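See below for input_10.cif, which holds mmCIF, C-alpha atoms.
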data_run
#
loop_
_atom_site.label_atom_id
_atom_site.label_comp_id
_atom_site.auth_asym_id
_atom_site.auth_seq_id
_atom_site.Cartn_x
_atom_site.Cartn_y
_atom_site.Cartn_z
CA MET A 61 33.17 22.11 11.42
CA THR A 62 31.17 20.67 14.31
CA THR A 63 28.81 17.91 13.33
CA ARG A 64 26.13 16.11 15.24
CA ILE A 65 24.15 12.97 14.47
CA VAL A 66 20.51 13.07 15.50
CA ASP A 67 18.61 9.78 15.79
CA LEU A 68 15.19 10.09 14.22
CA ARG A 69 13.90 6.53 13.77
CA LYS A 70 10.79 7.86 12.12
CA GLY A 71 8.59 6.17 9.56
CA ILE A 72 8.77 8.12 6.32
CA LEU A 73 5.06 7.61 5.68
CA GLU A 74 4.16 8.09 9.34
CA LYS A 75 1.69 10.87 8.58
CA ASN A 76 -0.19 8.62 6.15
CA ASP A 77 0.01 5.62 8.49
CA LEU A 78 -1.28 7.50 11.54
CA LEU A 79 -4.27 8.85 9.64
CA ALA A 80 -4.91 5.37 8.19
CA GLN A 81 -4.92 3.92 11.70
CA SER A 82 -7.39 6.51 12.87
CA LEU A 83 -9.60 5.79 9.84
CA ARG A 84 -9.41 2.08 10.63
CA GLY A 85 -10.60 2.85 14.15
CA ARG A 86 -13.55 4.84 12.79
CA PHE A 87 -14.44 2.03 10.35
CA THR A 88 -14.28 -0.60 13.10
CA ASP A 89 -16.40 1.51 15.47
CA ALA A 90 -19.02 2.09 12.77
CA GLY A 91 -18.99 -1.58 11.70
CA VAL A 92 -17.87 -0.84 8.13
CA ARG A 93 -15.86 -3.44 6.24
CA VAL A 94 -13.39 -1.67 3.96
CA SER A 95 -11.45 -3.15 1.08
CA ASN A 96 -8.73 -1.51 -1.01
CA TRP A 97 -8.62 -2.83 -4.58
CA VAL A 98 -5.29 -2.67 -6.37
CA SER A 99 -4.40 -3.90 -9.86
CA SER A 100 -3.02 -2.76 -13.17
CA PRO A 101 -5.15 -0.57 -15.49
CA GLY A 102 -7.50 -2.67 -17.60
CA SER A 103 -7.57 -5.67 -15.30
CA GLY A 104 -11.33 -5.38 -14.86
CA LYS A 105 -11.57 -3.78 -11.41
CA THR A 106 -14.43 -1.49 -12.35
CA ALA A 107 -16.47 -4.15 -14.17
CA LEU A 108 -16.14 -6.54 -11.24
CA LEU A 109 -16.94 -3.79 -8.78
CA GLU A 110 -20.07 -2.92 -10.80
CA ALA A 111 -21.21 -6.53 -10.50
CA LEU A 112 -20.31 -6.69 -6.81
CA LEU A 113 -22.10 -3.45 -5.90
CA THR A 114 -25.20 -4.47 -7.87
CA THR A 115 -25.30 -7.83 -6.07
CA ALA A 116 -24.76 -6.11 -2.72
CA VAL A 117 -27.65 -3.70 -3.32
CA GLU A 118 -29.91 -6.61 -4.38
CA ARG A 119 -29.11 -8.43 -1.15
CA GLY A 120 -29.83 -5.42 1.02
CA ILE A 121 -26.19 -4.82 1.91
CA SER A 122 -25.45 -1.13 2.22
CA ALA A 123 -22.39 -0.69 0.01
CA ALA A 124 -20.52 2.42 -1.10
CA ALA A 125 -17.44 3.04 -3.19
CA LEU A 126 -14.62 5.53 -3.58
CA VAL A 127 -12.90 5.37 -6.96
CA GLY A 128 -9.46 6.75 -7.69
CA ASP A 129 -8.30 7.76 -11.16
CA CYS A 130 -5.83 10.29 -12.49
CA ALA A 131 -8.57 11.98 -14.53
CA THR A 132 -12.31 11.72 -15.45
CA ASP A 133 -15.29 10.54 -13.42
CA ASN A 134 -16.14 7.82 -15.93
CA ASP A 135 -15.75 5.02 -13.39
CA ALA A 136 -17.92 6.71 -10.78
CA ILE A 137 -20.68 7.14 -13.37
CA ARG A 138 -20.45 3.44 -14.27
CA LEU A 139 -20.49 2.31 -10.65
CA ALA A 140 -23.36 4.60 -9.65
CA ARG A 141 -25.64 2.56 -11.93
CA SER A 142 -25.60 -0.10 -9.22
CA GLY A 143 -27.59 2.25 -6.97
CA ALA A 144 -24.81 2.44 -4.39
CA PRO A 145 -23.37 5.83 -3.41
CA VAL A 146 -20.11 6.42 -5.27
CA ARG A 147 -17.58 9.21 -5.21
CA GLN A 148 -14.74 9.77 -7.67
CA ILE A 149 -11.35 10.80 -6.35
CA VAL A 150 -9.46 12.53 -9.16
CA THR A 151 -5.80 12.35 -8.23
CA GLU A 152 -4.50 14.55 -11.06
CA SER A 153 -1.07 13.05 -11.71
CA MET A 154 -0.81 11.08 -8.45
CA CYS A 155 -0.21 7.40 -9.02
CA HIS A 156 -1.84 6.14 -5.82
CA LEU A 157 -4.40 7.01 -3.15
CA GLU A 158 -3.35 8.26 0.29
CA SER A 159 -5.28 8.10 3.55
CA GLU A 160 -5.86 11.85 3.55
CA MET A 161 -7.85 11.55 0.30
CA ILE A 162 -10.02 8.84 1.84
CA SER A 163 -10.64 11.00 4.89
CA THR A 164 -11.55 14.00 2.73
CA TYR A 165 -13.86 12.15 0.37
CA LEU A 166 -15.71 10.39 3.20
CA GLU A 167 -16.95 13.70 4.56
CA GLY A 168 -20.71 13.89 4.67
CA TRP A 169 -21.20 10.11 4.55
CA ASP A 170 -22.68 8.56 7.68
CA LEU A 171 -20.39 5.57 8.23
CA ALA A 172 -22.92 4.00 10.60
CA THR A 173 -25.24 3.42 7.61
CA ILE A 174 -22.59 1.69 5.47
CA ASP A 175 -21.79 -2.04 5.70
CA LEU A 176 -19.22 -2.31 2.94
CA LEU A 177 -16.94 0.37 1.55
CA VAL A 178 -14.86 -0.48 -1.48
CA VAL A 179 -11.95 1.75 -2.42
CA GLU A 180 -10.84 1.27 -6.02
CA ASN A 181 -7.24 2.44 -6.12
CA VAL A 182 -5.54 4.04 -9.11
CA GLY A 183 -4.59 1.35 -11.65
CA ASN A 184 -0.96 0.70 -10.68
CA LEU A 185 0.80 -2.35 -9.29
CA VAL A 186 3.66 -0.55 -7.55
CA CYS A 187 2.90 2.71 -5.77
CA PRO A 188 -0.37 1.87 -3.93
CA THR A 189 1.46 -0.94 -2.12
CA ALA A 190 3.18 1.42 0.31
CA TYR A 191 0.07 3.38 1.32
CA ASP A 192 -2.23 2.11 4.04
CA LEU A 193 -5.71 3.54 3.54
CA GLY A 194 -7.22 2.16 6.75
CA GLU A 195 -8.69 -0.84 4.94
CA ASP A 196 -9.25 -4.18 6.65
CA THR A 197 -8.76 -6.13 3.42
CA ARG A 198 -6.38 -5.41 0.60
CA VAL A 199 -7.49 -7.01 -2.65
CA ALA A 200 -5.01 -7.57 -5.47
CA LEU A 201 -6.52 -8.43 -8.86
CA ILE A 202 -5.03 -10.09 -11.92
CA SER A 203 -6.92 -10.72 -15.15
CA VAL A 204 -6.50 -13.78 -17.35
CA THR A 205 -5.34 -11.48 -20.17
CA GLU A 206 -2.23 -10.57 -18.18
CA GLY A 207 0.82 -12.79 -17.89
CA GLU A 208 0.53 -15.66 -15.42
CA ASP A 209 3.82 -14.50 -13.91
CA LYS A 210 2.51 -11.04 -13.00
CA PRO A 211 2.62 -11.84 -9.25
CA LEU A 212 6.33 -12.65 -9.64
CA LYS A 213 6.95 -9.36 -11.43
CA TYR A 214 5.14 -7.33 -8.77
CA PRO A 215 5.73 -9.43 -5.64
CA GLN A 216 5.41 -6.58 -3.13
CA LEU A 217 1.78 -5.92 -4.03
CA PHE A 218 0.71 -9.55 -4.31
CA HIS A 219 2.48 -10.37 -1.07
CA SER A 220 0.68 -7.55 0.75
CA ALA A 221 -2.78 -8.67 -0.42
CA ASP A 222 -5.27 -10.29 1.98
CA VAL A 223 -7.35 -11.60 -0.93
CA ILE A 224 -6.28 -12.27 -4.51
CA VAL A 225 -8.90 -12.09 -7.24
CA ILE A 226 -8.57 -13.47 -10.77
CA THR A 227 -10.83 -11.63 -13.22
CA LYS A 228 -12.28 -12.26 -16.72
CA THR A 229 -12.29 -16.06 -16.30
CA ASP A 230 -15.01 -16.30 -18.98
CA ILE A 231 -12.37 -15.68 -21.64
CA ALA A 232 -9.65 -17.81 -20.00
CA ALA A 233 -9.74 -20.51 -22.67
CA ALA A 234 -9.66 -18.00 -25.54
CA VAL A 235 -6.49 -16.37 -24.21
CA GLU A 236 -4.93 -19.73 -23.23
CA TRP A 237 -4.72 -18.79 -19.56
CA ASP A 238 -2.47 -21.24 -17.75
CA ARG A 239 -4.35 -21.48 -14.45
CA ASP A 240 -1.85 -23.78 -12.73
CA ALA A 241 1.08 -21.53 -13.60
CA ALA A 242 -0.80 -18.48 -12.32
CA LEU A 243 -1.78 -20.17 -9.05
CA ALA A 244 1.82 -21.32 -8.54
CA ALA A 245 3.08 -17.77 -9.13
CA ILE A 246 0.57 -16.36 -6.66
CA ARG A 247 1.46 -18.98 -4.05
CA SER A 248 5.17 -18.34 -4.31
CA VAL A 249 4.70 -14.70 -3.27
CA ASN A 250 1.66 -15.19 -1.04
CA PRO A 251 1.29 -18.69 0.42
CA ALA A 252 -1.95 -18.16 2.32
CA ALA A 253 -4.34 -15.48 0.96
CA PRO A 254 -7.70 -16.75 -0.36
CA ILE A 255 -7.82 -16.79 -4.18
CA ILE A 256 -11.18 -16.09 -5.84
CA GLU A 257 -11.79 -16.64 -9.55
CA THR A 258 -14.37 -14.29 -10.99
CA SER A 259 -16.13 -13.16 -14.13
CA ALA A 260 -18.03 -9.89 -14.08
CA ARG A 261 -19.81 -11.03 -17.25
CA THR A 262 -21.16 -14.38 -15.98
CA GLY A 263 -21.24 -13.40 -12.31
CA ASP A 264 -18.99 -16.31 -11.34
CA GLY A 265 -17.28 -15.77 -8.01
CA VAL A 266 -18.99 -12.43 -7.33
CA LEU A 267 -21.01 -13.79 -4.40
CA ASP A 268 -17.99 -15.55 -2.95
CA LEU A 269 -16.07 -12.31 -3.03
CA LEU A 270 -18.97 -10.37 -1.52
CA ASP A 271 -19.29 -12.94 1.27
CA LEU A 272 -15.60 -12.70 2.01
CA LEU A 273 -15.51 -8.90 2.01
CA THR A 274 -18.56 -8.59 4.27
CA ASP A 275 -17.72 -11.45 6.65
CA LEU A 276 -17.36 -9.76 10.01
CA THR A 277 -15.65 -12.78 11.54
CA LEU A 278 -12.57 -12.16 9.44
CA THR A 279 -10.04 -9.73 10.79
CA HIS A 280 -7.21 -8.08 9.00
CA SER A 281 -3.78 -9.59 9.50
CA THR A 282 -2.50 -6.27 10.86
CA GLN A 283 -5.19 -6.25 13.51
CA LEU A 284 -4.29 -9.82 14.46
CA GLN A 285 -0.65 -8.85 14.84
CA GLU A 286 -1.53 -5.84 16.93
CA ALA A 287 -3.82 -7.79 19.28
CA PRO A 288 -2.25 -8.41 22.72
CA MET B 177 6.59 6.84 -9.46
CA HIS B 178 5.60 7.56 -5.87
CA GLU B 179 9.26 8.13 -4.97
CA LEU B 180 8.69 11.88 -5.29
CA SER B 181 5.92 11.76 -2.65
CA VAL B 182 8.22 9.73 -0.45
CA ALA B 183 11.12 12.14 -1.01
CA HIS B 184 8.93 15.11 -0.06
CA ALA B 185 7.90 13.24 3.09
CA VAL B 186 11.59 12.68 3.94
CA VAL B 187 12.40 16.36 3.46
CA SER B 188 9.45 17.62 5.50
CA THR B 189 10.13 15.15 8.35
CA VAL B 190 13.78 16.23 8.51
CA LEU B 191 12.86 19.95 8.40
CA ASP B 192 10.53 19.40 11.38
CA ALA B 193 13.42 17.83 13.31
CA LEU B 194 15.93 20.66 12.78
CA PRO B 195 16.91 22.67 15.90
CA SER B 196 16.74 25.86 13.85
CA PRO B 197 15.47 26.52 10.32
CA ASP B 198 18.93 27.44 9.01
CA THR B 199 20.75 24.37 10.34
CA ARG B 200 22.58 22.74 7.44
CA VAL B 201 21.96 19.00 6.97
CA LEU B 202 25.03 17.01 5.87
CA GLN B 203 23.61 13.51 5.63
CA VAL B 204 20.27 11.70 5.80
CA ARG B 205 20.30 7.97 6.43
CA LEU B 206 17.26 5.88 5.44
CA ARG B 207 16.35 2.25 5.85
CA VAL B 208 14.37 0.93 2.90
CA GLY B 209 13.17 -2.67 3.04
CA GLU B 210 13.19 -4.98 0.04
CA LEU B 211 9.40 -5.29 0.38
CA SER B 212 8.73 -1.56 0.61
CA GLY B 213 8.17 -1.21 -3.13
CA LEU B 214 10.66 1.65 -3.41
CA VAL B 215 13.44 1.78 -5.96
CA PRO B 216 16.57 3.34 -4.36
CA GLN B 217 17.79 4.94 -7.61
CA ALA B 218 14.41 6.56 -8.23
CA LEU B 219 14.32 7.74 -4.63
CA GLU B 220 17.79 9.30 -4.94
CA PHE B 221 16.71 11.16 -8.06
CA ALA B 222 13.47 12.35 -6.44
CA TYR B 223 15.31 13.36 -3.29
CA ASP B 224 17.59 15.70 -5.23
CA VAL B 225 14.51 17.43 -6.61
CA ALA B 226 12.68 17.57 -3.27
CA ALA B 227 15.73 18.85 -1.35
CA GLN B 228 16.43 21.78 -3.68
CA GLY B 229 16.25 25.14 -1.94
CA THR B 230 16.06 23.58 1.53
CA PRO B 231 18.69 23.06 4.27
CA LEU B 232 18.92 19.51 2.86
CA ALA B 233 20.12 20.69 -0.53
CA ASP B 234 23.72 19.52 0.00
CA ALA B 235 22.93 16.56 2.23
CA VAL B 236 24.11 13.14 1.10
CA LEU B 237 21.35 10.54 1.00
CA VAL B 238 22.44 7.15 2.31
CA ILE B 239 20.00 4.29 1.70
CA GLU B 240 20.39 1.10 3.69
CA ARG B 241 18.51 -1.85 2.24
CA SER B 242 17.01 -4.31 4.71
CA PRO B 243 16.30 -7.90 3.70
CA ILE B 244 12.96 -9.69 3.78
CA ILE B 245 12.79 -11.83 6.92
CA ILE B 246 10.12 -14.47 7.32
CA ALA B 247 9.02 -16.13 10.54
CA CYS B 248 9.16 -19.84 9.79
CA THR B 249 7.13 -21.82 12.36
CA THR B 250 9.85 -24.49 12.45
CA CYS B 251 13.12 -22.64 11.85
CA GLY B 252 12.38 -19.20 13.31
CA ASP B 253 13.24 -15.90 11.64
CA GLN B 254 15.04 -16.44 8.34
CA PRO B 255 16.10 -13.91 5.68
CA ILE B 256 14.97 -14.81 2.16
CA ALA B 257 16.89 -13.83 -0.95
CA SER B 258 14.00 -12.91 -3.22
CA ALA B 259 10.52 -11.41 -2.95
CA THR B 260 9.36 -13.94 -5.52
CA ASP B 261 9.90 -17.01 -3.38
CA PHE B 262 8.33 -16.93 0.07
CA ARG B 263 9.69 -20.22 1.37
CA CYS B 264 11.92 -20.90 4.34
CA PRO B 265 15.50 -21.16 3.01
CA VAL B 266 16.23 -23.87 5.58
CA CYS B 267 13.26 -26.26 5.47
CA GLY B 268 11.58 -25.14 2.23
CA GLU B 269 8.14 -24.67 3.82
CA PRO B 270 6.04 -21.84 2.25
CA CYS B 271 5.70 -18.93 4.66
CA GLY B 272 4.13 -15.51 4.19
CA ASP B 273 4.63 -14.15 7.72
CA VAL B 274 7.04 -11.30 7.35
CA VAL B 275 8.89 -9.76 10.29
CA GLY B 276 11.30 -7.61 8.28
CA GLY B 277 11.66 -6.01 4.87
CA LYS B 278 8.80 -3.51 4.88
CA GLU B 279 10.86 -0.77 6.57
CA LEU B 280 10.61 2.74 5.24
CA GLU B 281 12.20 4.94 7.84
CA ILE B 282 14.61 7.76 8.50
CA LEU B 283 17.33 6.37 10.76
CA ASP B 284 19.30 9.50 11.56
CA ILE B 285 20.47 12.85 10.22
CA THR B 286 23.88 14.48 10.47
CA LEU B 287 23.81 18.21 11.12
CA ASP B 288 26.40 20.95 10.74
CA ASP B 289 26.50 22.28 14.27
CA THR B 290 29.16 24.95 13.66
CA ALA B 291 26.75 27.88 13.91
CA LEU B 292 25.21 26.47 17.07
CA ALA B 293 28.65 25.78 18.64
CA ASN B 294 29.81 29.33 17.88
CA ALA B 295 26.63 30.68 19.42
CA ASP B 296 27.42 28.66 22.56
CA LEU B 297 30.92 30.14 22.69
CA VAL B 298 29.58 33.66 22.38
CA GLY B 299 27.08 32.86 25.10
CA ALA B 300 29.86 31.60 27.41
#
Kindly return the structure encoded in the file as structure tokens.
Amino acid sequence: MTTRIVDLRKGILEKNDLLAQSLRGRFTDAGVRVSNWVSSPGSGKTALLEALLTTAVERGISAAALVGDCATDNDAIRLARSGAPVRQIVTESMCHLESEMISTYLEGWDLATIDLLVVENVGNLVCPTAYDLGEDTRVALISVTEGEDKPLKYPQLFHSADVIVITKTDIAAAVEWDRDAALAAIRSVNPAAPIIETSARTGDGVLDLLDLLTDLTLTHSTQLQEAP
Amino acid sequence: MHELSVAHAVVSTVLDALPSPDTRVLQVRLRVGELSGLVPQALEFAYDVAAQGTPLADAVLVIERSPIIIACTTCGDQPIASATDFRCPVCGEPCGDVVGGKELEILDITLDDTALANADLVGA
């Protein structure tokens, strides 16, 4: 038998990555800040996003959201109450969003009229990590009802985050949240990302997060690395 | 369980690279970084499913793991042993700048060239 080795040196997710890069270019050209929110199911992504979108609309910031779930449009209905345009991406059994879905679901939206686009990923701490969606900011969330060591259990995601958000701080005392232990766990997998403590119920931290996500002076770490 | 999506991406990338659609693939070698979020065992299982009925059906999947390497400002590039402790193993300084470990790539493929070689002989 004659055999031959062919060098490929190809990224396995190259198709996703190339489309994500082209989306990032479109977002940058249109002046849209895009964040990709990743956390486990039930961590309070949607509640916080409701508060954030409502605050954005009140302040005259043009915000929009894409929401991924395996089934139902319940989250899109909740988020639409803020007055911001929202579209639900139903992924069927897919455990994560891919850049092609973002591209498809953006059709018909004039990016030039949007300041802030939030993509709420499917609730999952593993799979979304590998998929670039063209975002400038990846947000990883952890609620006070989860274990303080969650960042240690899912280091890939928390390491890849540009911003880390703690949710449901209004019930921290009731669930005996060990803040110091959680911050230490976050820091051991991600020494530098800003950490924002929030409560969708009291509104704590919502403005800080909005300011961070809409601050045009911040650039994504990938963009910094790619700069000459 | 996104390993199945990844396995399908591996199969379709390899199929695109084949010189002819009936070329048999003997081996596929991947590099999967410790920070890629992929579980090799799950990927192997998914690959068997994705490769069924394709020229990759009998191909052996070889997965090379690559370590996480951080760029310490004092000590330079240093491999770290665990994704749960982003500190320089030499000086102990926290460091999140990663220069290795996120790899998710197909390194090379080994093809059965017998049919092609025979064709060459006939041609000569």
Chain and number of each residue from the PyMOL selection byres ((chain A and resi 144) around 9), as a PDB file with C-alpha atoms, in the coordinates of the input:
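File out.pdb, as written:
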ATOM      1  CA  LEU A 113     -22.100  -3.450  -5.900  1.00  0.00           C
ATOM      2  CA  THR A 114     -25.200  -4.470  -7.870  1.00  0.00           C
ATOM      3  CA  ALA A 116     -24.760  -6.110  -2.720  1.00  0.00           C
ATOM      4  CA  VAL A 117     -27.650  -3.700  -3.320  1.00  0.00           C
ATOM      5  CA  SER A 122     -25.450  -1.130   2.220  1.00  0.00           C
ATOM      6  CA  ALA A 123     -22.390  -0.690   0.010  1.00  0.00           C
ATOM      7  CA  ALA A 124     -20.520   2.420  -1.100  1.00  0.00           C
ATOM      8  CA  ALA A 125     -17.440   3.040  -3.190  1.00  0.00           C
ATOM      9  CA  LEU A 139     -20.490   2.310 -10.650  1.00  0.00           C
ATOM     10  CA  ALA A 140     -23.360   4.600  -9.650  1.00  0.00           C
ATOM     11  CA  ARG A 141     -25.640   2.560 -11.930  1.00  0.00           C
ATOM     12  CA  SER A 142     -25.600  -0.100  -9.220  1.00  0.00           C
ATOM     13  CA  GLY A 143     -27.590   2.250  -6.970  1.00  0.00           C
ATOM     14  CA  PRO A 145     -23.370   5.830  -3.410  1.00  0.00           C
ATOM     15  CA  VAL A 146     -20.110   6.420  -5.270  1.00  0.00           C
TER      16      VAL A 146
END
For atom CA of A:Asp77 and atom CA of A:Asp192, determine how far apart the two atoms are, in Å to one decimal place.
-> 6.1 Å
Kindly indicate which residue among B:Ile244, B:Ala226, B:Val275, B:Leu194 lies nearest to B:Phe262, using only C-alpha atoms for the distances.
->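 So, comparing all the options, the nearest one is B:Ile244.
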Which is closer to B:Pro243 than all the others in B:Gly268, B:Pro216, B:Pro255, B:Pro231, using only C-alpha atoms?
->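 Comparing B:Gly268, B:Pro216, B:Pro255, B:Pro231 against B:Pro243, the winner is B:Pro255.
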Can you work out which one of A:Thr205, A:Thr189, A:Thr106, A:Asn96 has the shortest atom-to-atom distance to chain B, counting only C-alpha atoms?
->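 That would be A:Thr189, the residue with the smallest distance to chain B.
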Can you give me N, CA and C atoms for stretch 128-152 of chain A, written as a CSV table (one decimal), keeping the file's coordinate frame?
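Here's the written file result.csv:
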chain,number,residue,atom,x,y,z
A,128,GLY,N,-10.6,5.9,-7.4
A,128,GLY,CA,-9.5,6.8,-7.7
A,128,GLY,C,-9.0,6.6,-9.1
A,129,ASP,N,-8.9,7.7,-9.8
A,129,ASP,CA,-8.3,7.8,-11.2
A,129,ASP,C,-7.5,9.1,-11.3
A,130,CYS,N,-6.6,9.1,-12.3
A,130,CYS,CA,-5.8,10.3,-12.5
A,130,CYS,C,-6.7,11.4,-13.1
A,131,ALA,N,-7.7,11.0,-13.9
A,131,ALA,CA,-8.6,12.0,-14.5
A,131,ALA,C,-9.9,11.3,-14.9
A,132,THR,N,-10.9,12.1,-15.1
A,132,THR,CA,-12.3,11.7,-15.4
A,132,THR,C,-13.1,11.1,-14.3
A,133,ASP,N,-14.4,11.2,-14.4
A,133,ASP,CA,-15.3,10.5,-13.4
A,133,ASP,C,-16.1,9.4,-14.1
A,134,ASN,N,-15.5,8.9,-15.2
A,134,ASN,CA,-16.1,7.8,-15.9
A,134,ASN,C,-16.5,6.6,-15.1
A,135,ASP,N,-15.5,6.2,-14.2
A,135,ASP,CA,-15.8,5.0,-13.4
A,135,ASP,C,-16.9,5.2,-12.4
A,136,ALA,N,-16.9,6.4,-11.8
A,136,ALA,CA,-17.9,6.7,-10.8
A,136,ALA,C,-19.3,6.7,-11.4
A,137,ILE,N,-19.4,7.2,-12.7
A,137,ILE,CA,-20.7,7.1,-13.4
A,137,ILE,C,-21.1,5.7,-13.6
A,138,ARG,N,-20.1,4.9,-14.0
A,138,ARG,CA,-20.4,3.4,-14.3
A,138,ARG,C,-20.9,2.8,-13.0
A,139,LEU,N,-20.2,3.0,-11.9
A,139,LEU,CA,-20.5,2.3,-10.6
A,139,LEU,C,-21.8,2.8,-10.0
A,140,ALA,N,-22.1,4.1,-10.3
A,140,ALA,CA,-23.4,4.6,-9.6
A,140,ALA,C,-24.6,3.9,-10.2
A,141,ARG,N,-24.5,3.3,-11.4
A,141,ARG,CA,-25.6,2.6,-11.9
A,141,ARG,C,-26.1,1.4,-11.0
A,142,SER,N,-25.2,1.0,-10.1
A,142,SER,CA,-25.6,-0.1,-9.2
A,142,SER,C,-26.6,0.4,-8.2
A,143,GLY,N,-26.7,1.7,-8.0
A,143,GLY,CA,-27.6,2.2,-7.0
A,143,GLY,C,-26.9,2.6,-5.7
A,144,ALA,N,-25.6,2.2,-5.6
A,144,ALA,CA,-24.8,2.4,-4.4
A,144,ALA,C,-24.2,3.8,-4.5
A,145,PRO,N,-24.0,4.5,-3.4
A,145,PRO,CA,-23.4,5.8,-3.4
A,145,PRO,C,-21.9,5.7,-3.8
A,146,VAL,N,-21.5,6.5,-4.7
A,146,VAL,CA,-20.1,6.4,-5.3
A,146,VAL,C,-19.5,7.8,-5.4
A,147,ARG,N,-18.3,7.9,-5.0
A,147,ARG,CA,-17.6,9.2,-5.2
A,147,ARG,C,-16.3,9.0,-6.0
A,148,GLN,N,-16.0,9.9,-6.9
A,148,GLN,CA,-14.7,9.8,-7.7
A,148,GLN,C,-13.7,10.6,-7.0
A,149,ILE,N,-12.5,10.0,-6.8
A,149,ILE,CA,-11.4,10.8,-6.4
A,149,ILE,C,-10.5,11.0,-7.6
A,150,VAL,N,-10.4,12.2,-8.0
A,150,VAL,CA,-9.5,12.5,-9.2
A,150,VAL,C,-8.1,12.9,-8.6
A,151,THR,N,-7.1,12.2,-8.9
A,151,THR,CA,-5.8,12.4,-8.2
A,151,THR,C,-4.9,13.3,-9.0
A,152,GLU,N,-5.4,13.8,-10.1
A,152,GLU,CA,-4.5,14.6,-11.1
A,152,GLU,C,-3.4,13.6,-11.5
